[in-house]
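S.K.: Below is the file data.pdb, with PDB, C-alpha atoms and all ligand atoms.
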MODEL        1
ATOM      1  CA  VAL J1205      92.439   3.973 -86.654  1.00  0.00           C
ATOM      2  CA  GLU J1206      93.320   7.614 -86.419  1.00  0.00           C
ATOM      3  CA  GLY J1207      91.153   9.969 -84.408  1.00  0.00           C
ATOM      4  CA  THR J1208      88.581  12.178 -86.086  1.00  0.00           C
ATOM      5  CA  GLN J1209      90.539  15.315 -85.300  1.00  0.00           C
ATOM      6  CA  ASP J1210      93.663  13.885 -86.922  1.00  0.00           C
ATOM      7  CA  LEU J1211      91.706  13.099 -90.078  1.00  0.00           C
ATOM      8  CA  VAL J1212      90.135  16.546 -90.209  1.00  0.00           C
ATOM      9  CA  GLN J1213      93.580  18.059 -89.721  1.00  0.00           C
ATOM     10  CA  ALA J1214      94.962  15.848 -92.489  1.00  0.00           C
ATOM     11  CA  LEU J1215      92.296  17.215 -94.839  1.00  0.00           C
ATOM     12  CA  ARG J1216      93.270  20.788 -93.929  1.00  0.00           C
ATOM     13  CA  ASP J1217      96.965  20.007 -94.326  1.00  0.00           C
ATOM     14  CA  CYS J1218      96.242  18.840 -97.880  1.00  0.00           C
ATOM     15  CA  GLY J1219      94.500  22.096 -98.673  1.00  0.00           C
ATOM     16  CA  PHE J1220      90.937  20.744 -98.544  1.00  0.00           C
ATOM     17  CA  ARG J1221      88.034  22.746 -97.260  1.00  0.00           C
ATOM     18  CA  VAL J1222      86.594  20.408 -94.626  1.00  0.00           C
ATOM     19  CA  THR J1223      83.056  19.573 -95.734  1.00  0.00           C
ATOM     20  CA  PRO J1224      80.854  16.995 -93.987  1.00  0.00           C
ATOM     21  CA  GLN J1225      81.073  14.793 -97.091  1.00  0.00           C
ATOM     22  CA  ARG J1226      84.876  14.797 -97.131  1.00  0.00           C
ATOM     23  CA  ALA J1227      85.172  14.271 -93.384  1.00  0.00           C
ATOM     24  CA  VAL J1228      82.658  11.415 -93.262  1.00  0.00           C
ATOM     25  CA  ILE J1229      84.031   9.693 -96.365  1.00  0.00           C
ATOM     26  CA  LEU J1230      87.598   9.857 -95.066  1.00  0.00           C
ATOM     27  CA  GLN J1231      86.463   8.621 -91.641  1.00  0.00           C
ATOM     28  CA  THR J1232      84.575   5.765 -93.289  1.00  0.00           C
ATOM     29  CA  VAL J1233      87.665   4.617 -95.190  1.00  0.00           C
ATOM     30  CA  ALA J1234      89.777   4.991 -92.036  1.00  0.00           C
ATOM     31  CA  ALA J1235      87.351   3.000 -89.892  1.00  0.00           C
ATOM     32  CA  PHE J1236      87.580   0.036 -92.247  1.00  0.00           C
ATOM     33  CA  SER J1237      90.682  -2.055 -91.670  1.00  0.00           C
ATOM     34  CA  GLY J1238      91.693  -2.921 -95.189  1.00  0.00           C
ATOM     35  CA  HIS J1239      90.437  -1.927 -98.599  1.00  0.00           C
ATOM     36  CA  ILE J1240      86.865  -0.854 -99.234  1.00  0.00           C
ATOM     37  CA  THR J1241      84.922  -0.295-102.460  1.00  0.00           C
ATOM     38  CA  ALA J1242      83.258   3.014-103.319  1.00  0.00           C
ATOM     39  CA  GLN J1243      79.905   1.265-102.990  1.00  0.00           C
ATOM     40  CA  GLU J1244      80.773   0.119 -99.453  1.00  0.00           C
ATOM     41  CA  VAL J1245      81.949   3.627 -98.552  1.00  0.00           C
ATOM     42  CA  TYR J1246      78.686   4.971 -99.911  1.00  0.00           C
ATOM     43  CA  GLU J1247      76.536   2.531 -97.947  1.00  0.00           C
ATOM     44  CA  ALA J1248      78.320   3.244 -94.657  1.00  0.00           C
ATOM     45  CA  ALA J1249      78.674   7.007 -95.124  1.00  0.00           C
ATOM     46  CA  GLN J1250      75.053   7.389 -96.213  1.00  0.00           C
ATOM     47  CA  LYS J1251      73.915   6.392 -92.714  1.00  0.00           C
ATOM     48  CA  ARG J1252      75.563   9.527 -91.364  1.00  0.00           C
ATOM     49  CA  LEU J1253      74.847  11.753 -94.379  1.00  0.00           C
ATOM     50  CA  PRO J1254      71.426  10.790 -95.723  1.00  0.00           C
ATOM     51  CA  GLY J1255      71.628  13.170 -98.703  1.00  0.00           C
ATOM     52  CA  LEU J1256      74.860  11.667 -99.983  1.00  0.00           C
ATOM     53  CA  ASN J1257      74.953  10.290-103.514  1.00  0.00           C
ATOM     54  CA  LEU J1258      77.294   7.776-105.097  1.00  0.00           C
ATOM     55  CA  ALA J1259      78.736  10.269-107.606  1.00  0.00           C
ATOM     56  CA  THR J1260      79.887  12.486-104.730  1.00  0.00           C
ATOM     57  CA  VAL J1261      81.523   9.471-103.082  1.00  0.00           C
ATOM     58  CA  TYR J1262      83.434   8.639-106.270  1.00  0.00           C
ATOM     59  CA  ARG J1263      84.513  12.239-106.793  1.00  0.00           C
ATOM     60  CA  THR J1264      85.583  12.646-103.160  1.00  0.00           C
ATOM     61  CA  LEU J1265      87.524   9.371-103.121  1.00  0.00           C
ATOM     62  CA  GLU J1266      89.331  10.436-106.284  1.00  0.00           C
ATOM     63  CA  SER J1267      90.370  13.784-104.843  1.00  0.00           C
ATOM     64  CA  LEU J1268      91.426  12.204-101.521  1.00  0.00           C
ATOM     65  CA  GLN J1269      93.534   9.732-103.467  1.00  0.00           C
ATOM     66  CA  GLN J1270      95.138  12.465-105.569  1.00  0.00           C
ATOM     67  CA  ALA J1271      96.011  14.277-102.344  1.00  0.00           C
ATOM     68  CA  GLY J1272      97.685  11.123-101.011  1.00  0.00           C
ATOM     69  CA  LEU J1273      95.355  10.662 -98.054  1.00  0.00           C
ATOM     70  CA  ILE J1274      94.036   7.360 -99.320  1.00  0.00           C
ATOM     71  CA  ASP J1275      95.446   4.652-101.565  1.00  0.00           C
ATOM     72  CA  LEU J1276      93.738   3.149-104.579  1.00  0.00           C
ATOM     73  CA  PHE J1277      93.934  -0.603-105.105  1.00  0.00           C
ATOM     74  CA  LEU J1278      93.035  -1.753-108.622  1.00  0.00           C
ATOM     75  CA  PRO J1279      93.043  -5.555-108.482  1.00  0.00           C
ATOM     76  CA  GLY J1280      92.184  -5.832-112.178  1.00  0.00           C
ATOM     77  CA  THR J1281      89.988  -8.812-111.395  1.00  0.00           C
ATOM     78  CA  SER J1282      87.415  -6.944-109.302  1.00  0.00           C
ATOM     79  CA  GLN J1283      86.297  -3.467-108.275  1.00  0.00           C
ATOM     80  CA  ALA J1284      88.673  -0.668-107.306  1.00  0.00           C
ATOM     81  CA  ARG J1285      89.096  -0.366-103.551  1.00  0.00           C
ATOM     82  CA  PHE J1286      90.424   2.319-101.258  1.00  0.00           C
ATOM     83  CA  SER J1287      92.325   2.315 -97.977  1.00  0.00           C
ATOM     84  CA  LEU J1288      93.643   4.970 -95.663  1.00  0.00           C
ATOM     85  CA  ARG J1289      97.284   5.686 -96.455  1.00  0.00           C
ATOM     86  CA  ASP J1290      99.273   4.619 -93.439  1.00  0.00           C
ATOM     87  CA  PRO J1291     102.837   5.959 -93.621  1.00  0.00           C
ATOM     88  CA  ASP J1292     103.868   3.480 -90.906  1.00  0.00           C
ATOM     89  CA  HIS J1293     102.790   0.439 -92.934  1.00  0.00           C
ATOM     90  CA  PRO J1294     103.464   1.049 -96.616  1.00  0.00           C
ATOM     91  CA  HIS J1295     102.580  -1.995 -98.681  1.00  0.00           C
ATOM     92  CA  CYS J1296     102.142  -3.356-102.183  1.00  0.00           C
ATOM     93  CA  HIS J1297      99.722  -5.880-103.585  1.00  0.00           C
ATOM     94  CA  LEU J1298     100.043  -9.123-105.517  1.00  0.00           C
ATOM     95  CA  VAL J1299      96.965 -10.403-107.302  1.00  0.00           C
ATOM     96  CA  CYS J1300      96.750 -13.861-108.838  1.00  0.00           C
ATOM     97  CA  THR J1301      94.992 -13.663-112.187  1.00  0.00           C
ATOM     98  CA  GLY J1302      94.191 -17.375-111.937  1.00  0.00           C
ATOM     99  CA  CYS J1303      92.315 -17.632-108.628  1.00  0.00           C
ATOM    100  CA  ARG J1304      92.126 -13.928-107.664  1.00  0.00           C
ATOM    101  CA  GLN J1305      93.995 -14.581-104.428  1.00  0.00           C
ATOM    102  CA  GLU J1306      95.471 -11.336-103.073  1.00  0.00           C
ATOM    103  CA  TYR J1307      98.635 -10.843-101.044  1.00  0.00           C
ATOM    104  CA  GLU J1308     100.134  -7.826 -99.325  1.00  0.00           C
ATOM    105  CA  LEU J1309     103.872  -7.249 -99.494  1.00  0.00           C
ATOM    106  CA  PRO J1310     106.081  -4.894 -97.537  1.00  0.00           C
ATOM    107  CA  ALA J1311     106.760  -1.829 -99.692  1.00  0.00           C
ATOM    108  CA  SER J1312     110.490  -2.350 -99.104  1.00  0.00           C
ATOM    109  CA  TRP J1313     110.398  -5.272-101.581  1.00  0.00           C
ATOM    110  CA  ALA J1314     109.072  -2.992-104.323  1.00  0.00           C
ATOM    111  CA  GLN J1315     111.582  -0.333-103.355  1.00  0.00           C
ATOM    112  CA  ARG J1316     114.398  -2.684-104.339  1.00  0.00           C
ATOM    113  CA  LEU J1317     112.892  -2.959-107.829  1.00  0.00           C
ATOM    114  CA  SER J1318     112.347   0.780-107.858  1.00  0.00           C
ATOM    115  CA  ALA J1319     116.005   1.438-106.970  1.00  0.00           C
ATOM    116  CA  GLU J1320     117.212  -0.885-109.750  1.00  0.00           C
ATOM    117  CA  VAL J1321     114.966   0.762-112.361  1.00  0.00           C
ATOM    118  CA  ARG J1322     116.051   4.228-111.223  1.00  0.00           C
ATOM    119  CA  ALA J1323     119.720   3.224-111.530  1.00  0.00           C
ATOM    120  CA  GLN J1324     119.250   1.691-114.996  1.00  0.00           C
ATOM    121  CA  LEU J1325     116.675   3.992-116.598  1.00  0.00           C
ATOM    122  CA  GLY J1326     116.393   7.035-114.367  1.00  0.00           C
ATOM    123  CA  PHE J1327     112.715   6.188-114.139  1.00  0.00           C
ATOM    124  CA  GLU J1328     111.049   6.900-110.800  1.00  0.00           C
ATOM    125  CA  ILE J1329     108.524   4.161-109.997  1.00  0.00           C
ATOM    126  CA  ASP J1330     105.907   5.132-107.475  1.00  0.00           C
ATOM    127  CA  ALA J1331     106.498   2.103-105.288  1.00  0.00           C
ATOM    128  CA  SER J1332     104.330   3.229-102.398  1.00  0.00           C
ATOM    129  CA  HIS J1333     101.289   1.164-103.350  1.00  0.00           C
ATOM    130  CA  LEU J1334     102.083  -0.959-106.378  1.00  0.00           C
ATOM    131  CA  THR J1335      99.816  -3.723-107.580  1.00  0.00           C
ATOM    132  CA  LEU J1336     101.502  -6.581-109.428  1.00  0.00           C
ATOM    133  CA  THR J1337      99.607  -9.361-111.154  1.00  0.00           C
ATOM    134  CA  GLY J1338     100.684 -12.885-111.975  1.00  0.00           C
ATOM    135  CA  LEU J1339     100.094 -16.460-110.907  1.00  0.00           C
ATOM    136  CA  CYS J1340     100.278 -17.760-107.363  1.00  0.00           C
ATOM    137  CA  ARG J1341     102.261 -20.922-106.578  1.00  0.00           C
ATOM    138  CA  LYS J1342      99.171 -23.085-106.829  1.00  0.00           C
ATOM    139  CA  CYS J1343      97.982 -21.639-110.156  1.00  0.00           C
ATOM    140  CA  ALA J1344     101.469 -21.564-111.682  1.00  0.00           C
ATOM    141  CA  GLY J1345     101.960 -25.182-110.636  1.00  0.00           C
ATOM    142  CA  SER J1346      98.694 -26.390-112.132  1.00  0.00           C
ATOM    143  CA  ASP J1347      99.441 -24.888-115.529  1.00  0.00           C
ATOM    144  CA  GLN J1348     100.416 -28.027-117.487  1.00  0.00           C
ATOM    145  CA  SER J1349     101.449 -26.051-120.569  1.00  0.00           C
ATOM    146  CA  ARG J1350     104.497 -24.776-118.731  1.00  0.00           C
ATOM    147  CA  SER J1351     107.678 -26.741-118.347  1.00  0.00           C
ATOM    148  CA  GLY J1352     109.805 -26.520-115.221  1.00  0.00           C
TER     149      GLY J1352
HETATM  150 ZN    ZN C   1      96.708  -1.491-100.401  1.00  0.00          ZN
HETATM  151 ZN    ZN C   2      96.171 -18.383-107.981  1.00  0.00          ZN
ENDMDL
END
So, in terms of structure tokens, how does the structure I just supplied come out?
M.R.:
Amino acid sequence: VEGTQDLVQALRDCGFRVTPQRAVILQTVAAFSGHITAQEVYEAAQKRLPGLNLATVYRTLESLQQAGLIDLFLPGTSQARFSLRDPDHPHCHLVCTGCRQEYELPASWAQRLSAEVRAQLGFEIDASHLTLTGLCRKCAGSDQSRSG
């Protein structure tokens, strides 16, 4: 987890005025190793900022995500979650639509797809934090309607 000063500096570098809400919300996401829902951010951040409301948490998370400080994970099967963007460990997500199992992949795997699509279509996929859905080995294997 990054230090508080680093996070405050990161806010400034992204052009944010550093308010207690922004600092505490970013610190809350950073302190959680993994992906955290807005509700969980709210519950933890509220202990340090008693006047905080959930709408402010949502709005702040959205602006932090747009600035690239945090990543949004939309599993499709459950609530949106947020994580601190770590440039040293870029990753993508796989979500099984059968059993909701989640996997993390190195971003380099998605970058291969991204390079192929760019070469063929000139389309620039944002491969930094992709979420792909499908069926895990177990769920794909138990689907009797499929052959092979
Ligand atoms: Zn993620
Ligand atoms: Zn599955």
S.K.: May I ask for the distance between atom CA of Val1228 of chain J and atom CA of Ala1242 of chain J, given in Å to one decimal place?
M.R.: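 Pair atom CA of Val1228 of chain J / atom CA of Ala1242 of chain J returns 13.1 Å.
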S.K.: Apply the PyMOL selection byres (((not hetatm)) within 7 of (chain C and resi 2)) to the structure shown and report the selected residues as a PyMOL selection string.
M.R.: chain J and resi 1300-1305+1339-1343
S.K.: Got a sec to resolve the PyMOL selection byres (((chain J and resi 1274-1290) around 10) and not hetatm) on this structure and send the residues as JSON, numbers by chain?
M.R.: {"J": [1205, 1206, 1230, 1231, 1232, 1233, 1234, 1235, 1236, 1237, 1238, 1239, 1240, 1241, 1242, 1243, 1244, 1245, 1265, 1266, 1267, 1268, 1269, 1270, 1271, 1272, 1273, 1291, 1292, 1293, 1294, 1295, 1296, 1297, 1298, 1299, 1300, 1301, 1302, 1303, 1304, 1305, 1306, 1332, 1333, 1334, 1335, 1336, 1337]}
S.K.: Looking at J:Ser1318, J:Asp1330, J:Gln1209, J:Ala1248, which one is nearest to Val1222 of chain J, with distances taken over only C-alpha atoms?
M.R.: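 Of the candidates, the smallest distance to Val1222 of chain J is held by J:Gln1209.
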S.K.: Out of J:Ile1329, J:Gln1250, J:Val1212, J:Ala1311, which residue has the shortest atom-to-atom distance to ligand ZN 1 (chain C) when counting all atoms listed in the file?
M.R.: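 Going through J:Ile1329, J:Gln1250, J:Val1212, J:Ala1311 one by one, the smallest distance to ligand ZN 1 (chain C) is for J:Ala1311.
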S.K.: From the options J:Gly1326, J:Leu1317, J:Pro1310, J:Thr1260, which residue's atoms come nearest to Arg1226 of chain J, counting only C-alpha atoms?
M.R.: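 Ranked by minimum distance to Arg1226 of chain J, first place goes to J:Thr1260.
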S.K.: Have a look at atom CA of Trp1313 of chain J and atom CA of Ala1331 of chain J and let me know their distance in Å, one decimal.
M.R.: 9.1 Å
S.K.: Restricting the calculation to only C-alpha atoms and all ligand atoms: of J:Leu1253, J:Leu1309, J:Ala1214, J:Val1261, which residue gets closest to ligand ZN 1 (chain C)?
M.R.: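 Closest candidate: J:Leu1309.
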S.K.: Quick one, how far is atom CA of Arg1252 of chain J from atom CA of Arg1216 of chain J?
M.R.: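 Separation between atom CA of Arg1252 of chain J and atom CA of Arg1216 of chain J: 21.1 Å.
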